[in-house]
Amino acid sequence: MACLLLVAAVPLVAETCKEADEIDSATRSAIESTAKSFLGMSAGGDVAGLRAASIPSLAASFGGIEQAVLDNKGGLSGAAVIHKTYLLDVSGTARVERAEFYCGVFGANGNTPNSAGFVLSNLAPGRYALVFIDVTGAKGPYMLSEILQQVGGAWKLAGYFAKSGLVAGHNADWYAQKAREFKQKGQGRNAWFYFLEARDLAAPVPFMSTLKLDKLYEEALQVRPGDMPTDGQVTITMGTRPVKMLAAFPIVINDQLALVVKYQSADISNTAQTFQDNTGLMQVLVTRYPELRDGFSAIVVRAVAPDGQDYGTLLAMKDIK
């Protein structure tokens with residue numbers, strides 16, 4: 001079912017969404033054949049071909065997509081199945097600052113098992129398509145998500161998201177289960193980071209909501225730690241010195257999950273002193289929050305100077321005394 005959302009009183013601006021079975025066969029065929037063509041270019045590392053097939057604004061700033069293609073091309077070779085196709089339409093004459101699309105049937109509490117929502121910023125009037133492709137090859141499951149825009153009679157590339165379906169060898173369901181186990185143990189910080197990892201793995205694109213994604217985020221909010229920088233700065237004491245932690249998030253190092261913590265530093269020019277500060281903060285973190293040893297194989301602490309430059313130190317958990 002296509003849903004209509006009114007985002008202004010006068011004049012009216014409407015965003016509509018159609019799912020695959022609601023799209024006329026000719027349009028759906030054109031969208032999906034184009035998406036498959038772009039997948040083939042991606043698997044072959046054909047950056048020039050993808051740029052030439054992109055809308056002008058994307059082609060003019062293609063560096064991020066070029067890197068994504070080169071980083072993921074090995075994982076995009078294999079058996080491919082189109083998982084979902086959506087047709088999005090924005091009417092009116094002006095760009096929509098926040099375009100919201102509701103695809104499928106929504107209930108009183110929002111998403112249902114078969115619905116999805118998308119929020120796109122600064123969207124020009126026109127017709128767009130979202131195509132999610134699952135690829136299984138030598139590197140395991142991968143996901144390629146494409147945003148297409150209709151230009152004249154052709155569909156052009158307007159957005160590109162490629163990623164593995166695994167992080168450190170595990171999928172979204174595994175991270176969600178581990179998060180629940182950490183929660184049961186009272187390890188809320190580990191649970192928070194693992195729920196976020198599960199949600200990120202389960203979402204083909206970051207601007208999407210589904211019932212599953214909503215539930216994962218709701219579970220994450222139940223264990224959101226107030227003493228970690230999950231949304232803004234948090235101050236921790238290192239000896240007698242207050243330290244402002246700026247961000248904390250997991251990354252993969254040597255196929256294992258590590259925790260990155262960034263903190264504010266007045267000066268990083270003395271690298272020997274900054275190294276001591278970094279390792280000192282690691283010691284404080286694992287002493288105050290010993291659960292981190294269960295959730296992560298290593299910690300990376302990065303001191304961030306006022307100009308944005310940083311200096312990082314990595315230690316395996318076993319080496320943090």
# chains A, B, ... in the order shown; residues from 1 in each chain; ligands from 1
$ residues_around --residues "Gly44 in chain A" --least-positions-apart "4" --cutoff "9 Å" --atoms "only C-alpha atoms" --output "list in words"
Leu39, Gly40, Lys73, Gly74, Leu76 and Ser77 of chain A
$ write_last_selection --atoms "N, CA, C and O atoms" --output "compact mmCIF listing (two decimals), in the first residue's frame"
# COMPACT_ATOMS: atom_id res chain seq x y z
N LEU A 39 25.53 -3.23 -9.79
CA LEU A 39 26.18 -4.27 -8.99
C LEU A 39 27.32 -4.89 -9.78
O LEU A 39 28.42 -5.10 -9.24
N GLY A 40 27.09 -5.19 -11.05
CA GLY A 40 28.14 -5.76 -11.88
C GLY A 40 29.33 -4.84 -12.01
O GLY A 40 30.49 -5.28 -11.94
N LYS A 73 34.54 -4.39 -3.45
CA LYS A 73 34.29 -5.10 -4.70
C LYS A 73 34.47 -6.61 -4.58
O LYS A 73 33.73 -7.38 -5.20
N GLY A 74 35.41 -7.04 -3.75
CA GLY A 74 35.61 -8.48 -3.58
C GLY A 74 34.42 -9.17 -2.95
O GLY A 74 34.10 -10.32 -3.28
N LEU A 76 31.32 -8.20 -3.34
CA LEU A 76 30.13 -8.03 -4.16
C LEU A 76 30.13 -8.95 -5.38
O LEU A 76 29.28 -8.83 -6.25
N SER A 77 31.07 -9.88 -5.41
CA SER A 77 31.10 -10.89 -6.47
C SER A 77 30.52 -12.18 -5.91
O SER A 77 31.04 -12.74 -4.94
$ closest_atom_pairs --of "range 191-231 of chain A" --to "range 164-179 of chain A" --cutoff "6 Å" --atoms "only C-alpha atoms" --output "JSON lines"
{"residue": "A:Ala191", "atom": "CA", "partner": "A:Ala179", "partner_atom": "CA", "distance": 4.2}
{"residue": "A:Tyr194", "atom": "CA", "partner": "A:Ala179", "partner_atom": "CA", "distance": 5.1}
{"residue": "A:Phe195", "atom": "CA", "partner": "A:Ala176", "partner_atom": "CA", "distance": 5.5}
{"residue": "A:Ala198", "atom": "CA", "partner": "A:Ala172", "partner_atom": "CA", "distance": 4.2}
{"residue": "A:Leu201", "atom": "CA", "partner": "A:Ala172", "partner_atom": "CA", "distance": 5.2}
{"residue": "A:Ala202", "atom": "CA", "partner": "A:Ala172", "partner_atom": "CA", "distance": 5.6}
$ atom_distance --atom1 "CA of Lys18 in chain A" --atom2 "CA of Gly126 in chain A"
14.1 Å
$ closest_atom_pairs --of "range 102-183 of chain A" --to "range 45-65 of chain A" --cutoff "8 Å" --atoms "only C-alpha atoms" --output "JSON lines"
{"residue": "A:Gln149", "atom": "CA", "partner": "A:Ile55", "partner_atom": "CA", "distance": 7.5}
{"residue": "A:Val151", "atom": "CA", "partner": "A:Ile55", "partner_atom": "CA", "distance": 8.0}
{"residue": "A:Lys156", "atom": "CA", "partner": "A:Ser54", "partner_atom": "CA", "distance": 5.0}
{"residue": "A:Leu157", "atom": "CA", "partner": "A:Ser54", "partner_atom": "CA", "distance": 4.3}
{"residue": "A:Ala158", "atom": "CA", "partner": "A:Ile55", "partner_atom": "CA", "distance": 5.8}
{"residue": "A:Gly159", "atom": "CA", "partner": "A:Leu58", "partner_atom": "CA", "distance": 7.7}
{"residue": "A:Tyr160", "atom": "CA", "partner": "A:Ile65", "partner_atom": "CA", "distance": 6.6}
$ residues_around --residues "Asp89 in chain A" --least-positions-apart "2" --cutoff "8 Å" --atoms "only C-alpha atoms" --output "number ranges by chain"
A: 14-17, 87, 91, 125-128
$ write_last_selection --atoms "N, CA and C atoms" --output "compact mmCIF listing (two decimals), in the first residue's frame"
# COMPACT_ATOMS: atom_id res chain seq x y z
N ALA A 14 3.92 16.26 -1.14
CA ALA A 14 3.61 14.87 -0.80
C ALA A 14 4.78 13.98 -1.13
N GLU A 15 5.05 13.01 -0.22
CA GLU A 15 6.01 11.95 -0.47
C GLU A 15 5.25 10.64 -0.45
N THR A 16 5.40 9.85 -1.47
CA THR A 16 4.73 8.56 -1.51
C THR A 16 5.74 7.45 -1.72
N CYS A 17 5.36 6.27 -1.29
CA CYS A 17 6.23 5.10 -1.42
C CYS A 17 5.42 3.93 -1.95
N LEU A 87 9.79 2.34 -4.65
CA LEU A 87 9.69 3.49 -5.55
C LEU A 87 9.20 4.67 -4.72
N SER A 91 6.58 15.08 -4.86
CA SER A 91 5.92 16.05 -5.72
C SER A 91 6.25 17.46 -5.25
N PRO A 125 12.33 17.45 -5.83
CA PRO A 125 11.17 16.76 -6.40
C PRO A 125 11.59 15.78 -7.49
N GLY A 126 10.93 14.65 -7.56
CA GLY A 126 11.26 13.68 -8.58
C GLY A 126 10.92 12.27 -8.15
N ARG A 127 11.34 11.31 -8.96
CA ARG A 127 11.10 9.90 -8.66
C ARG A 127 12.43 9.24 -8.32
N TYR A 128 12.40 8.47 -7.24
CA TYR A 128 13.58 7.79 -6.74
C TYR A 128 13.25 6.31 -6.52
$ closest_atom_pairs --of "range 194-277 of chain A" --to "range 302-311 of chain A" --cutoff "7 Å" --atoms "only C-alpha atoms" --output "tab-separated table"
residue	atom	partner	partner_atom	distance
A:Val261	CA	A:Arg302	CA	6.3
A:Lys262	CA	A:Arg302	CA	4.7
A:Tyr263	CA	A:Ala303	CA	5.2
A:Gln264	CA	A:Val304	CA	5.1
A:Ser265	CA	A:Ala305	CA	5.1
A:Ala266	CA	A:Ala305	CA	5.7
A:Asp267	CA	A:Ala305	CA	5.7
A:Ile268	CA	A:Ala305	CA	6.2
$ residues_around --residues "Asp294 in chain A" --least-positions-apart "4" --cutoff "12 Å" --atoms "only C-alpha atoms" --output "compact mmCIF listing (two decimals) with N, CA, C and O atoms, in the first residue's frame"
# COMPACT_ATOMS: atom_id res chain seq x y z
N LYS A 178 24.16 -11.56 22.04
CA LYS A 178 25.24 -11.26 22.98
C LYS A 178 24.88 -10.04 23.83
O LYS A 178 25.18 -10.01 25.04
N ALA A 179 24.25 -9.05 23.21
CA ALA A 179 23.84 -7.86 23.96
C ALA A 179 22.87 -8.23 25.07
O ALA A 179 22.97 -7.74 26.20
N GLU A 181 22.64 -11.12 26.54
CA GLU A 181 23.39 -11.86 27.55
C GLU A 181 24.15 -10.89 28.46
O GLU A 181 24.20 -11.07 29.69
N PHE A 182 24.77 -9.88 27.87
CA PHE A 182 25.47 -8.87 28.68
C PHE A 182 24.49 -8.15 29.61
O PHE A 182 24.80 -7.87 30.77
N LYS A 185 23.73 -10.10 32.61
CA LYS A 185 24.86 -10.12 33.55
C LYS A 185 25.05 -8.78 34.25
O LYS A 185 25.94 -8.65 35.09
N GLN A 187 25.95 -6.08 32.61
CA GLN A 187 27.00 -5.37 31.88
C GLN A 187 26.37 -4.45 30.84
O GLN A 187 26.39 -4.71 29.63
N GLY A 188 25.80 -3.35 31.33
CA GLY A 188 25.03 -2.47 30.46
C GLY A 188 25.85 -1.77 29.40
O GLY A 188 25.34 -1.50 28.31
N ARG A 189 27.11 -1.49 29.68
CA ARG A 189 27.93 -0.79 28.69
C ARG A 189 28.20 -1.71 27.50
O ARG A 189 28.06 -1.31 26.35
N ASN A 190 28.62 -2.95 27.79
CA ASN A 190 28.81 -3.90 26.70
C ASN A 190 27.52 -4.12 25.94
O ASN A 190 27.50 -4.18 24.70
N ALA A 191 26.39 -4.24 26.65
CA ALA A 191 25.10 -4.47 25.99
C ALA A 191 24.77 -3.32 25.06
O ALA A 191 24.32 -3.54 23.93
N TYR A 194 26.90 -3.52 21.86
CA TYR A 194 26.54 -4.68 21.04
C TYR A 194 25.16 -4.51 20.41
O TYR A 194 24.94 -4.94 19.27
N LEU A 257 36.53 -7.45 17.86
CA LEU A 257 35.91 -6.18 18.21
C LEU A 257 36.75 -5.44 19.25
O LEU A 257 37.10 -6.00 20.29
N ALA A 258 37.08 -4.19 18.93
CA ALA A 258 37.82 -3.32 19.84
C ALA A 258 36.98 -2.08 20.12
O ALA A 258 36.08 -1.73 19.36
N LEU A 259 37.28 -1.41 21.23
CA LEU A 259 36.55 -0.21 21.62
C LEU A 259 37.44 1.00 21.40
O LEU A 259 38.58 1.04 21.86
N VAL A 286 39.30 0.34 32.27
CA VAL A 286 39.12 -1.08 32.59
C VAL A 286 39.06 -1.32 34.09
O VAL A 286 38.50 -2.33 34.54
N TYR A 289 35.40 0.06 34.78
CA TYR A 289 34.39 -0.73 34.07
C TYR A 289 35.02 -2.06 33.64
O TYR A 289 35.29 -2.27 32.45
N PRO A 290 35.27 -2.98 34.55
CA PRO A 290 35.95 -4.24 34.20
C PRO A 290 35.18 -5.08 33.18
O PRO A 290 35.78 -5.94 32.52
N ALA A 298 40.48 -5.24 22.61
CA ALA A 298 41.47 -4.19 22.73
C ALA A 298 40.76 -2.86 22.93
O ALA A 298 39.55 -2.73 22.73
N MET A 317 43.64 -5.98 25.37
CA MET A 317 43.14 -6.01 26.75
C MET A 317 44.14 -6.69 27.70
O MET A 317 44.35 -6.22 28.83
N LYS A 318 44.79 -7.74 27.24
CA LYS A 318 45.72 -8.48 28.11
C LYS A 318 46.91 -7.63 28.50
O LYS A 318 47.60 -7.92 29.49
